[in-house]
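Engineer: Here it is: the structure, laid out below.
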Amino acid sequence: MNGAARKPTGKAFIAFETVRQSVYLWVNGSFVGYYEVGIAPCAFDVTSLLKAGENLICVATDNCAARGAKIFMHETIPGHAPGDMSGAAYQWNTADFNEVQGGLVGNVTLVLKPSKTYLTLPYYNNLKTVGTYVSAKDFDFAKGAATIKVRAEVRNETGKAVNARLKVEIIEPRNTLKSSVSSVCSVVEQVKDAGKVFMTALENDVYENAPQPTRVVSPETVALEATCRATGLTFWSPETPHLYDVKVSLVGEDGTVLDTETIRTGFREVTYDAMSGGRKINGKNTWLTGYAQRATDEWAAIGVAPDWLQDYDAALIRRSNANFVRWMHVAPKPAPVRAFDKFGIVNAAPAGDKEGDVSGRAWAQRVEAMRDTMIYFRNSPSCSSDTGAIRSSPRTPTYIP
(Lines give C-alpha, C1' and ligand atoms only; values in the text may rest on other atoms or scores of the structure.)
Protein backbone atom coordinates (compact mmCIF):
# COMPACT_ATOMS: atom_id res chain seq x y z
CA MET A 1 0.00 0.00 0.00
CA ASN A 2 1.12 3.55 -0.65
CA GLY A 3 0.80 6.48 1.70
CA ALA A 4 1.97 10.08 1.73
CA ALA A 5 3.67 11.22 4.93
CA ARG A 6 6.17 13.61 6.39
CA LYS A 7 9.35 12.13 7.76
CA PRO A 8 8.69 11.75 11.50
CA THR A 9 10.62 13.98 13.90
CA GLY A 10 9.81 11.59 16.72
CA LYS A 11 9.10 7.87 16.40
CA ALA A 12 6.96 5.81 14.03
CA PHE A 13 5.62 2.28 14.53
CA ILE A 14 3.38 0.02 12.48
CA ALA A 15 1.13 -2.11 14.69
CA PHE A 16 -0.84 -5.20 13.61
CA GLU A 17 -3.72 -6.25 15.86
CA THR A 18 -4.16 -9.65 14.25
CA VAL A 19 -2.32 -11.46 11.46
CA ARG A 20 -3.04 -14.94 10.24
CA GLN A 21 -0.49 -16.55 10.65
CA SER A 22 2.80 -14.77 9.99
CA VAL A 23 3.72 -11.32 8.72
CA TYR A 24 6.88 -10.14 6.95
CA LEU A 25 7.27 -6.37 6.59
CA TRP A 26 9.19 -4.12 4.17
CA VAL A 27 9.25 -0.30 4.10
CA ASN A 28 10.58 1.49 1.01
CA GLY A 29 12.31 -1.70 -0.12
CA SER A 30 14.08 -2.40 3.21
CA PHE A 31 13.17 -5.48 5.23
CA VAL A 32 11.98 -4.49 8.71
CA GLY A 33 11.21 -7.76 10.49
CA TYR A 34 8.73 -10.57 10.94
CA TYR A 35 6.26 -12.11 13.36
CA GLU A 36 5.26 -15.75 12.97
CA VAL A 37 3.40 -16.70 16.16
CA GLY A 38 -0.01 -15.61 14.86
CA ILE A 39 -1.57 -14.97 18.29
CA ALA A 40 -0.66 -11.72 20.05
CA PRO A 41 -0.64 -8.31 18.37
CA CYS A 42 2.76 -7.19 17.11
CA ALA A 43 4.46 -3.95 16.08
CA PHE A 44 7.57 -2.76 14.25
CA ASP A 45 9.75 0.33 14.57
CA VAL A 46 9.88 1.95 11.11
CA THR A 47 11.20 5.39 12.08
CA SER A 48 14.49 5.20 10.24
CA LEU A 49 12.91 3.90 7.03
CA LEU A 50 10.20 6.49 6.48
CA LYS A 51 10.86 9.47 4.23
CA ALA A 52 9.10 12.71 3.39
CA GLY A 53 6.42 12.30 0.74
CA GLU A 54 5.25 8.94 -0.53
CA ASN A 55 6.23 5.72 1.27
CA LEU A 56 5.79 2.15 0.11
CA ILE A 57 4.82 -0.39 2.77
CA CYS A 58 4.76 -4.05 1.73
CA VAL A 59 3.36 -6.90 3.80
CA ALA A 60 3.61 -10.62 3.05
CA THR A 61 1.67 -13.14 5.11
CA ASP A 62 1.64 -16.92 5.37
CA ASN A 63 -1.43 -18.80 6.58
CA CYS A 64 -0.43 -22.37 5.79
CA ALA A 65 -1.98 -24.63 8.44
CA ALA A 66 -1.89 -28.26 9.45
CA ARG A 67 -3.47 -30.83 7.19
CA GLY A 68 -3.62 -34.24 8.79
CA ALA A 69 -0.31 -35.06 10.48
CA LYS A 70 1.71 -32.43 8.60
CA ILE A 71 2.28 -28.95 9.99
CA PHE A 72 3.47 -26.41 7.47
CA MET A 73 4.22 -23.34 9.62
CA HIS A 74 7.45 -23.42 11.61
CA GLU A 75 9.27 -20.58 13.30
CA THR A 76 12.58 -19.19 12.06
CA ILE A 77 15.64 -20.03 14.15
CA PRO A 78 17.44 -16.76 15.02
CA GLY A 79 20.14 -16.05 12.47
CA HIS A 80 18.41 -17.96 9.69
CA ALA A 81 16.65 -16.44 6.71
CA PRO A 82 13.18 -15.23 7.80
CA GLY A 83 10.51 -17.69 6.76
CA ASP A 84 12.82 -20.68 6.19
CA MET A 85 10.79 -22.71 8.74
CA SER A 86 13.99 -24.01 10.32
CA GLY A 87 12.63 -24.14 13.87
CA ALA A 88 9.85 -25.84 15.80
CA ALA A 89 6.30 -25.95 14.45
CA TYR A 90 3.57 -23.87 16.03
CA GLN A 91 1.30 -26.44 17.61
CA TRP A 92 -1.81 -24.22 17.42
CA ASN A 93 -1.40 -23.36 13.74
CA THR A 94 -4.03 -25.80 12.53
CA ALA A 95 -7.07 -25.44 10.29
CA ASP A 96 -9.51 -26.23 13.11
CA PHE A 97 -8.18 -23.41 15.31
CA ASN A 98 -8.09 -20.61 12.76
CA GLU A 99 -10.50 -18.71 10.56
CA VAL A 100 -10.87 -19.53 6.91
CA GLN A 101 -9.30 -16.23 5.88
CA GLY A 102 -5.60 -15.53 5.90
CA GLY A 103 -3.63 -12.30 5.88
CA LEU A 104 -4.49 -9.15 7.80
CA VAL A 105 -7.59 -10.10 9.76
CA GLY A 106 -7.41 -7.20 12.21
CA ASN A 107 -6.70 -3.48 12.34
CA VAL A 108 -3.37 -2.04 11.19
CA THR A 109 -2.25 1.25 12.75
CA LEU A 110 0.54 3.74 12.13
CA VAL A 111 1.55 5.02 15.58
CA LEU A 112 3.40 8.35 15.59
CA LYS A 113 5.24 9.67 18.63
CA PRO A 114 6.00 13.42 18.67
CA SER A 115 9.32 13.06 20.48
CA LYS A 116 12.24 10.64 20.64
CA THR A 117 11.68 10.50 24.39
CA TYR A 118 8.45 8.55 24.46
CA LEU A 119 6.09 6.17 26.23
CA THR A 120 6.74 2.68 24.92
CA LEU A 121 4.11 0.40 23.40
CA PRO A 122 2.82 -2.92 24.84
CA TYR A 123 4.21 -5.08 22.03
CA TYR A 124 6.97 -7.25 23.41
CA ASN A 125 7.01 -8.94 20.04
CA ASN A 126 8.91 -7.33 18.20
CA LEU A 127 9.74 -4.15 20.12
CA LYS A 128 10.79 -5.72 23.44
CA THR A 129 8.78 -3.10 25.32
CA VAL A 130 5.84 -3.48 27.72
CA GLY A 131 4.13 -0.08 27.57
CA THR A 132 2.07 1.48 30.37
CA TYR A 133 0.27 -0.50 33.07
CA VAL A 134 -2.64 0.90 35.10
CA SER A 135 -3.52 -1.04 38.25
CA ALA A 136 -5.61 -0.55 41.37
CA LYS A 137 -5.34 -1.74 44.97
CA ASP A 138 -6.54 -0.93 48.53
CA PHE A 139 -10.20 -0.88 47.52
CA ASP A 140 -12.87 0.74 49.69
CA PHE A 141 -16.06 -0.49 48.04
CA ALA A 142 -18.40 1.53 50.28
CA LYS A 143 -16.72 4.83 49.38
CA GLY A 144 -15.85 3.96 45.81
CA ALA A 145 -12.18 4.55 46.55
CA ALA A 146 -8.99 2.85 45.38
CA THR A 147 -5.32 3.58 44.99
CA ILE A 148 -4.50 3.88 41.30
CA LYS A 149 -0.95 3.20 40.18
CA VAL A 150 0.45 3.98 36.74
CA ARG A 151 3.74 2.42 35.70
CA ALA A 152 4.95 3.82 32.39
CA GLU A 153 7.96 2.56 30.51
CA VAL A 154 9.94 5.34 28.82
CA ARG A 155 12.65 5.20 26.18
CA ASN A 156 14.95 8.12 25.35
CA GLU A 157 16.60 8.27 21.92
CA THR A 158 17.50 11.98 21.85
CA GLY A 159 21.23 11.45 22.40
CA LYS A 160 21.23 13.20 25.79
CA ALA A 161 19.73 12.64 29.22
CA VAL A 162 16.23 14.05 29.75
CA ASN A 163 14.45 15.06 32.95
CA ALA A 164 10.81 13.99 32.78
CA ARG A 165 7.80 13.20 34.95
CA LEU A 166 4.38 11.65 34.53
CA LYS A 167 1.08 13.50 34.64
CA VAL A 168 -1.90 11.20 35.12
CA GLU A 169 -5.56 12.15 34.76
CA ILE A 170 -8.43 9.74 35.44
CA ILE A 171 -11.37 10.87 33.33
CA GLU A 172 -14.99 9.73 33.16
CA PRO A 173 -16.39 8.97 29.70
CA ARG A 174 -18.38 12.23 30.15
CA ASN A 175 -15.03 14.07 30.37
CA THR A 176 -15.38 14.58 34.11
CA LEU A 177 -12.01 14.61 35.87
CA LYS A 178 -12.03 12.14 38.78
CA SER A 179 -8.44 12.49 39.92
CA SER A 180 -5.03 13.68 38.79
CA VAL A 181 -1.46 13.33 39.99
CA SER A 182 2.06 14.16 38.89
CA SER A 183 5.13 12.10 39.69
CA VAL A 184 8.47 13.49 40.75
CA CYS A 185 10.93 14.38 38.02
CA SER A 186 13.22 11.52 37.03
CA VAL A 187 16.27 11.36 34.80
CA VAL A 188 15.71 9.31 31.67
CA GLU A 189 19.11 8.36 30.33
CA GLN A 190 19.80 8.19 26.63
CA VAL A 191 19.94 4.80 24.98
CA LYS A 192 23.33 3.55 23.86
CA ASP A 193 22.08 2.31 20.51
CA ALA A 194 19.40 4.82 19.55
CA GLY A 195 16.94 3.67 16.96
CA LYS A 196 17.89 0.00 17.14
CA VAL A 197 15.29 -2.14 15.40
CA PHE A 198 14.65 -5.67 16.66
CA MET A 199 13.80 -8.02 13.81
CA THR A 200 12.10 -10.32 16.31
CA ALA A 201 11.79 -10.60 20.09
CA LEU A 202 12.98 -14.20 19.96
CA GLU A 203 16.22 -14.51 21.93
CA ASN A 204 19.30 -15.69 20.03
CA ASP A 205 19.99 -18.60 22.38
CA VAL A 206 16.60 -20.33 22.50
CA TYR A 207 17.89 -23.29 20.44
CA GLU A 208 21.31 -23.58 22.06
CA ASN A 209 20.39 -25.06 25.44
CA ALA A 210 17.18 -26.47 26.85
CA PRO A 211 15.34 -25.33 28.78
CA GLN A 212 15.83 -21.56 28.42
CA PRO A 213 14.18 -18.90 30.58
CA THR A 214 11.36 -16.93 29.01
CA ARG A 215 12.56 -13.37 29.34
CA VAL A 216 10.77 -10.08 29.90
CA VAL A 217 13.59 -7.58 29.51
CA SER A 218 13.07 -4.17 27.89
CA PRO A 219 16.53 -2.89 26.94
CA GLU A 220 17.46 0.70 27.77
CA THR A 221 14.18 1.84 29.23
CA VAL A 222 13.20 3.59 32.46
CA ALA A 223 10.01 2.94 34.41
CA LEU A 224 8.29 6.02 35.82
CA GLU A 225 5.49 5.64 38.36
CA ALA A 226 2.67 7.82 39.65
CA THR A 227 0.15 6.88 42.36
CA CYS A 228 -3.02 8.60 43.52
CA ARG A 229 -6.00 7.91 45.75
CA ALA A 230 -9.19 8.22 43.71
CA THR A 231 -12.68 8.45 45.22
CA GLY A 232 -16.19 8.38 43.81
CA LEU A 233 -15.29 5.54 41.45
CA THR A 234 -17.70 3.07 39.90
CA PHE A 235 -15.91 -0.25 39.87
CA TRP A 236 -15.98 -2.56 36.85
CA SER A 237 -18.05 -5.73 37.08
CA PRO A 238 -20.39 -7.70 34.79
CA GLU A 239 -23.30 -5.70 36.25
CA THR A 240 -21.50 -2.34 36.04
CA PRO A 241 -18.93 -2.46 33.22
CA HIS A 242 -17.76 1.07 33.94
CA LEU A 243 -14.72 2.31 32.03
CA TYR A 244 -12.43 5.27 32.54
CA ASP A 245 -9.94 7.03 30.31
CA VAL A 246 -6.55 7.23 32.01
CA LYS A 247 -4.61 9.97 30.24
CA VAL A 248 -0.87 9.59 30.78
CA SER A 249 1.42 12.45 29.75
CA LEU A 250 5.21 12.43 29.72
CA VAL A 251 6.25 15.96 30.68
CA GLY A 252 9.71 17.45 30.31
CA GLU A 253 11.46 19.59 32.90
CA ASP A 254 10.33 22.80 31.13
CA GLY A 255 6.71 21.68 31.03
CA THR A 256 6.77 20.50 27.42
CA VAL A 257 4.58 17.45 26.80
CA LEU A 258 6.90 14.91 25.19
CA ASP A 259 4.32 12.20 24.66
CA THR A 260 0.80 11.29 25.72
CA GLU A 261 -1.49 8.29 25.54
CA THR A 262 -4.97 7.47 26.76
CA ILE A 263 -5.73 4.02 28.14
CA ARG A 264 -9.36 2.95 28.46
CA THR A 265 -9.64 0.65 31.45
CA GLY A 266 -11.73 -0.25 34.45
CA PHE A 267 -10.91 -0.80 38.11
CA ARG A 268 -11.92 -3.97 39.92
CA GLU A 269 -10.68 -6.43 42.52
CA VAL A 270 -10.83 -10.13 41.68
CA THR A 271 -10.19 -12.73 44.39
CA TYR A 272 -10.76 -16.45 44.79
CA ASP A 273 -11.26 -18.30 48.06
CA ALA A 274 -12.64 -21.84 47.95
CA MET A 275 -13.67 -21.61 51.62
CA SER A 276 -15.85 -18.51 51.21
CA GLY A 277 -17.77 -19.01 48.02
CA GLY A 278 -15.14 -19.05 45.31
CA ARG A 279 -14.63 -16.11 42.95
CA LYS A 280 -15.42 -12.61 44.14
CA ILE A 281 -15.46 -9.44 42.07
CA ASN A 282 -15.28 -6.27 44.17
CA GLY A 283 -15.96 -8.26 47.33
CA LYS A 284 -19.13 -9.92 46.02
CA ASN A 285 -19.53 -13.57 45.08
CA THR A 286 -19.95 -13.71 41.33
CA TRP A 287 -21.36 -16.68 39.46
CA LEU A 288 -19.84 -16.92 35.99
CA THR A 289 -21.89 -18.57 33.29
CA GLY A 290 -21.41 -18.51 29.57
CA TYR A 291 -19.70 -20.16 26.65
CA ALA A 292 -16.55 -21.89 25.45
CA GLN A 293 -15.97 -19.93 22.26
CA ARG A 294 -13.46 -20.45 19.48
CA ALA A 295 -11.04 -17.53 19.53
CA THR A 296 -11.64 -16.97 15.82
CA ASP A 297 -15.16 -15.77 16.77
CA GLU A 298 -16.33 -16.08 13.17
CA TRP A 299 -19.73 -15.30 11.70
CA ALA A 300 -21.42 -17.33 9.01
CA ALA A 301 -20.81 -16.22 5.42
CA ILE A 302 -18.35 -13.42 6.29
CA GLY A 303 -15.85 -15.20 8.53
CA VAL A 304 -13.85 -12.65 10.54
CA ALA A 305 -16.21 -10.17 12.18
CA PRO A 306 -15.49 -6.41 11.98
CA ASP A 307 -15.30 -4.38 15.18
CA TRP A 308 -18.96 -3.26 15.15
CA LEU A 309 -20.11 -6.85 14.81
CA GLN A 310 -17.97 -7.84 17.80
CA ASP A 311 -19.94 -5.28 19.84
CA TYR A 312 -23.20 -6.78 18.57
CA ASP A 313 -21.94 -10.25 19.46
CA ALA A 314 -21.13 -9.11 23.01
CA ALA A 315 -24.61 -7.61 23.34
CA LEU A 316 -26.16 -10.95 22.29
CA ILE A 317 -24.07 -12.77 24.90
CA ARG A 318 -25.36 -10.48 27.65
CA ARG A 319 -28.95 -10.81 26.40
CA SER A 320 -28.61 -14.58 26.82
CA ASN A 321 -27.90 -13.98 30.54
CA ALA A 322 -24.23 -14.96 30.13
CA ASN A 323 -21.33 -13.02 31.62
CA PHE A 324 -18.36 -15.24 30.78
CA VAL A 325 -16.48 -16.63 27.79
CA ARG A 326 -13.65 -19.10 27.93
CA TRP A 327 -11.71 -18.65 24.71
CA MET A 328 -10.67 -22.00 23.32
CA HIS A 329 -6.96 -22.78 23.00
CA VAL A 330 -5.60 -19.56 21.48
CA ALA A 331 -5.73 -15.90 22.45
CA PRO A 332 -8.69 -13.78 21.39
CA LYS A 333 -8.37 -10.84 19.06
CA PRO A 334 -8.28 -7.34 20.60
CA ALA A 335 -11.67 -6.36 19.11
CA PRO A 336 -13.79 -8.86 21.11
CA VAL A 337 -11.81 -8.09 24.27
CA ARG A 338 -12.63 -4.39 23.84
CA ALA A 339 -16.27 -5.34 23.37
CA PHE A 340 -16.23 -7.50 26.51
CA ASP A 341 -14.75 -4.57 28.46
CA LYS A 342 -17.73 -2.44 27.40
CA PHE A 343 -20.46 -5.01 27.94
CA GLY A 344 -19.22 -6.66 31.15
CA ILE A 345 -18.19 -10.11 30.00
CA VAL A 346 -15.37 -11.79 31.91
CA ASN A 347 -13.12 -13.74 29.57
CA ALA A 348 -10.39 -16.28 30.19
CA ALA A 349 -7.67 -15.44 27.67
CA PRO A 350 -5.23 -18.25 26.92
CA ALA A 351 -2.25 -17.88 24.61
CA GLY A 352 -1.60 -20.93 22.44
CA ASP A 353 -1.91 -24.69 22.77
CA LYS A 354 -3.54 -27.78 21.31
CA GLU A 355 -5.17 -30.81 22.91
CA GLY A 356 -1.87 -32.64 23.47
CA ASP A 357 0.94 -31.75 25.85
CA VAL A 358 4.35 -30.68 24.60
CA SER A 359 7.87 -30.14 25.88
CA GLY A 360 11.09 -28.47 24.83
CA ARG A 361 10.91 -25.62 22.34
CA ALA A 362 7.20 -26.24 21.66
CA TRP A 363 6.43 -25.60 25.35
CA ALA A 364 8.59 -22.47 25.38
CA GLN A 365 6.60 -21.14 22.41
CA ARG A 366 3.47 -21.42 24.56
CA VAL A 367 5.03 -19.53 27.46
CA GLU A 368 6.36 -16.77 25.20
CA ALA A 369 2.92 -16.39 23.61
CA MET A 370 1.36 -16.12 27.06
CA ARG A 371 3.91 -13.45 28.00
CA ASP A 372 3.09 -11.34 24.94
CA THR A 373 -0.66 -11.83 25.39
CA MET A 374 -0.60 -10.83 29.06
CA ILE A 375 1.45 -7.72 28.37
CA TYR A 376 -0.97 -6.56 25.69
CA PHE A 377 -4.24 -7.31 27.52
CA ARG A 378 -3.27 -6.44 31.09
CA ASN A 379 -5.16 -3.11 31.02
CA SER A 380 -8.40 -4.82 29.95
CA PRO A 381 -10.67 -5.29 32.99
CA SER A 382 -12.61 -8.13 31.36
CA CYS A 383 -9.49 -10.30 30.97
CA SER A 384 -8.82 -12.78 33.77
CA SER A 385 -5.22 -13.43 32.73
CA ASP A 386 -3.75 -10.20 34.13
CA THR A 387 -2.07 -11.79 37.15
CA GLY A 388 1.12 -9.78 36.71
CA ALA A 389 3.21 -12.95 36.54
CA ILE A 390 3.58 -15.89 34.22
CA ARG A 391 2.96 -19.41 35.46
CA SER A 392 5.33 -21.85 33.79
CA SER A 393 6.12 -25.52 33.82
CA PRO A 394 9.31 -26.71 35.55
CA ARG A 395 10.43 -27.62 32.04
CA THR A 396 10.79 -23.94 31.18
CA PRO A 397 11.84 -21.59 34.00
CA THR A 398 10.50 -18.09 33.77
CA TYR A 399 11.59 -14.88 35.42
CA ILE A 400 10.22 -11.38 35.67
CA PRO A 401 12.86 -8.70 36.42
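Labels used: A, B, ... for chains in the order of the C-alpha coordinates, numbers from 1 for residues in each chain, and numbers from 1 for ligands as shown.
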With the cut-off set at 8 Å and counting only C-alpha atoms, tabulate each residue of region 160-265 of chain A with an atom at most that distance from an atom of region 372-384 of chain A, showing the nearest atom pair and its distance in Å to one decimal, ordered by chain and increasing number, as a Markdown table.

Structural biologist:
| residue | atom | partner | partner_atom | distance |
| --- | --- | --- | --- | --- |
| A:Trp236 | CA | A:Pro381 | CA | 7.1 |
| A:Ile263 | CA | A:Asn379 | CA | 7.7 |
| A:Arg264 | CA | A:Asn379 | CA | 7.8 |
| A:Thr265 | CA | A:Ser380 | CA | 5.8 |

Engineer: Give me, as JSON lines, the closest atom pair and its distance (Å, one decimal) for every residue of region 253-274 of chain A within a cut-off of 10 Å of region 139-142 of chain A, counting only C-alpha atoms, rows sorted by chain and rising number.

Structural biologist:
{"residue": "A:Phe267", "atom": "CA", "partner": "A:Phe139", "partner_atom": "CA", "distance": 9.4}
{"residue": "A:Arg268", "atom": "CA", "partner": "A:Phe139", "partner_atom": "CA", "distance": 8.4}
{"residue": "A:Glu269", "atom": "CA", "partner": "A:Phe139", "partner_atom": "CA", "distance": 7.5}

Engineer: Pick out each residue of region 211-245 of chain A that DSSP on the backbone tags as strand (DSSP E or B); I need them as a list of chain:residue names.

Structural biologist: A:Thr214, A:Val222, A:Ala223, A:Leu224, A:Glu225, A:Ala226, A:Thr227, A:Cys228, A:Arg229, A:Ala230, A:Tyr244, A:Asp245

Engineer: Mind writing the picked residues with N, CA and C atoms as a PDB file, in the first residue's frame?

Structural biologist:
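Heads up, here's the output in result.pdb:
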ATOM      1  N   THR A 214      12.139 -17.843  29.833  1.00  0.00           N
ATOM      2  CA  THR A 214      11.356 -16.929  29.013  1.00  0.00           C
ATOM      3  C   THR A 214      11.535 -15.534  29.585  1.00  0.00           C
ATOM      4  N   VAL A 222      13.371   3.172  31.073  1.00  0.00           N
ATOM      5  CA  VAL A 222      13.202   3.590  32.459  1.00  0.00           C
ATOM      6  C   VAL A 222      11.722   3.521  32.797  1.00  0.00           C
ATOM      7  N   ALA A 223      11.394   3.013  33.972  1.00  0.00           N
ATOM      8  CA  ALA A 223      10.005   2.936  34.409  1.00  0.00           C
ATOM      9  C   ALA A 223       9.709   4.099  35.346  1.00  0.00           C
ATOM     10  N   LEU A 224       8.751   4.934  34.970  1.00  0.00           N
ATOM     11  CA  LEU A 224       8.290   6.022  35.823  1.00  0.00           C
ATOM     12  C   LEU A 224       6.948   5.632  36.422  1.00  0.00           C
ATOM     13  N   GLU A 225       6.712   6.024  37.681  1.00  0.00           N
ATOM     14  CA  GLU A 225       5.489   5.641  38.365  1.00  0.00           C
ATOM     15  C   GLU A 225       4.797   6.848  38.978  1.00  0.00           C
ATOM     16  N   ALA A 226       3.484   6.797  38.993  1.00  0.00           N
ATOM     17  CA  ALA A 226       2.671   7.818  39.652  1.00  0.00           C
ATOM     18  C   ALA A 226       1.507   7.116  40.333  1.00  0.00           C
ATOM     19  N   THR A 227       1.198   7.517  41.573  1.00  0.00           N
ATOM     20  CA  THR A 227       0.147   6.878  42.355  1.00  0.00           C
ATOM     21  C   THR A 227      -0.773   7.927  42.946  1.00  0.00           C
ATOM     22  N   CYS A 228      -2.067   7.673  42.915  1.00  0.00           N
ATOM     23  CA  CYS A 228      -3.015   8.600  43.516  1.00  0.00           C
ATOM     24  C   CYS A 228      -4.153   7.825  44.168  1.00  0.00           C
ATOM     25  N   ARG A 229      -4.817   8.475  45.110  1.00  0.00           N
ATOM     26  CA  ARG A 229      -5.999   7.911  45.755  1.00  0.00           C
ATOM     27  C   ARG A 229      -7.220   8.535  45.108  1.00  0.00           C
ATOM     28  N   ALA A 230      -8.015   7.730  44.417  1.00  0.00           N
ATOM     29  CA  ALA A 230      -9.193   8.217  43.715  1.00  0.00           C
ATOM     30  C   ALA A 230     -10.445   7.820  44.475  1.00  0.00           C
ATOM     31  N   TYR A 244     -13.017   3.941  32.412  1.00  0.00           N
ATOM     32  CA  TYR A 244     -12.431   5.272  32.536  1.00  0.00           C
ATOM     33  C   TYR A 244     -11.333   5.447  31.496  1.00  0.00           C
ATOM     34  N   ASP A 245     -11.088   6.690  31.134  1.00  0.00           N
ATOM     35  CA  ASP A 245      -9.936   7.025  30.314  1.00  0.00           C
ATOM     36  C   ASP A 245      -8.829   7.515  31.233  1.00  0.00           C
TER      37      ASP A 245
END

Engineer: Find the spatial neighbours of region 291-308 of chain A, counting only C-alpha atoms, within a cut-off of 8 Å - ignore same-chain residues fewer than 6 positions away - and output them as a list in words.

Structural biologist: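 Here the qualifying residues turn out to be Phe97, Asn98, Glu99, Val100, Gln101, Val105, Ala322, Phe324, Val325, Arg326, Trp327, Met328, His329, Val330, Ala331, Pro332, Lys333, Ala335 and Pro336 of chain A.
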
Engineer: Using only C-alpha atoms, which residues sit within 7 Å of region 84-95 of chain A once same-chain residues fewer than 3 positions away are excluded, as a ChimeraX atom specification?

Structural biologist: /A:65-66,71,73-77,81,98,352-354,361-362

Engineer: What are the DSSP helix (DSSP H, G or I) residues of region 50-192 of chain A, as a list in words?

Structural biologist: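 The residues of region 50-192 of chain A classed as helix (DSSP H, G or I) are Ala95, Asp96, Phe97, Tyr124, Asn125, Asn126 and Leu127 of chain A.
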
Engineer: To one decimal place, how far is CA of Lys167 (chain A) from CA of Asp254 (chain A) in Å?

Structural biologist: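 Pair CA of Lys167 (chain A) / CA of Asp254 (chain A) returns 13.6 Å.
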
Engineer: Hey, which of A:Phe13, A:Leu258, A:Val134, A:Gly103 ends up closest to Lys116 (chain A)? Count only C-alpha atoms.

Structural biologist: A:Leu258

Engineer: Give the answer as one residue: which of A:Val19, A:Val197, A:Arg174, A:Thr158 has the shortest atom-to-atom distance to Phe44 (chain A), using only C-alpha atoms?

Structural biologist: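 Selected residue with least distance to Phe44 (chain A): A:Val197.
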
Engineer: With distances taken over only C-alpha atoms, which of A:Lys128, A:Lys247, A:Lys280, A:Lys178 is nearest to Glu220 (chain A)?

Structural biologist: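 Closest to Glu220 (chain A) of all the choices is A:Lys128.
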
Engineer: A:Asn156, A:Asn107, A:Thr262, A:Thr132: which is nearest Gly10 (chain A), counting only C-alpha atoms?

Structural biologist: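 Answer, going by the shortest atom-to-atom distance: A:Asn156.
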
Engineer: In Å, how far is it from CA of Glu36 (chain A) to CA of Ser359 (chain A)?

Structural biologist: 19.5 Å

Engineer: To one decimal in Å, tell me the separation between CA of Gly159 (chain A) and CA of Thr9 (chain A).

Structural biologist: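 Computed distance, CA of Gly159 (chain A) to CA of Thr9 (chain A), equals 13.8 Å.
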
Engineer: For Tyr24 (chain A), find every residue with an atom within 7 Å (counting only C-alpha atoms), except residues of its own chain fewer than 6 positions away, and show them as a ChimeraX atom specification.

Structural biologist: /A:33-35,59-61
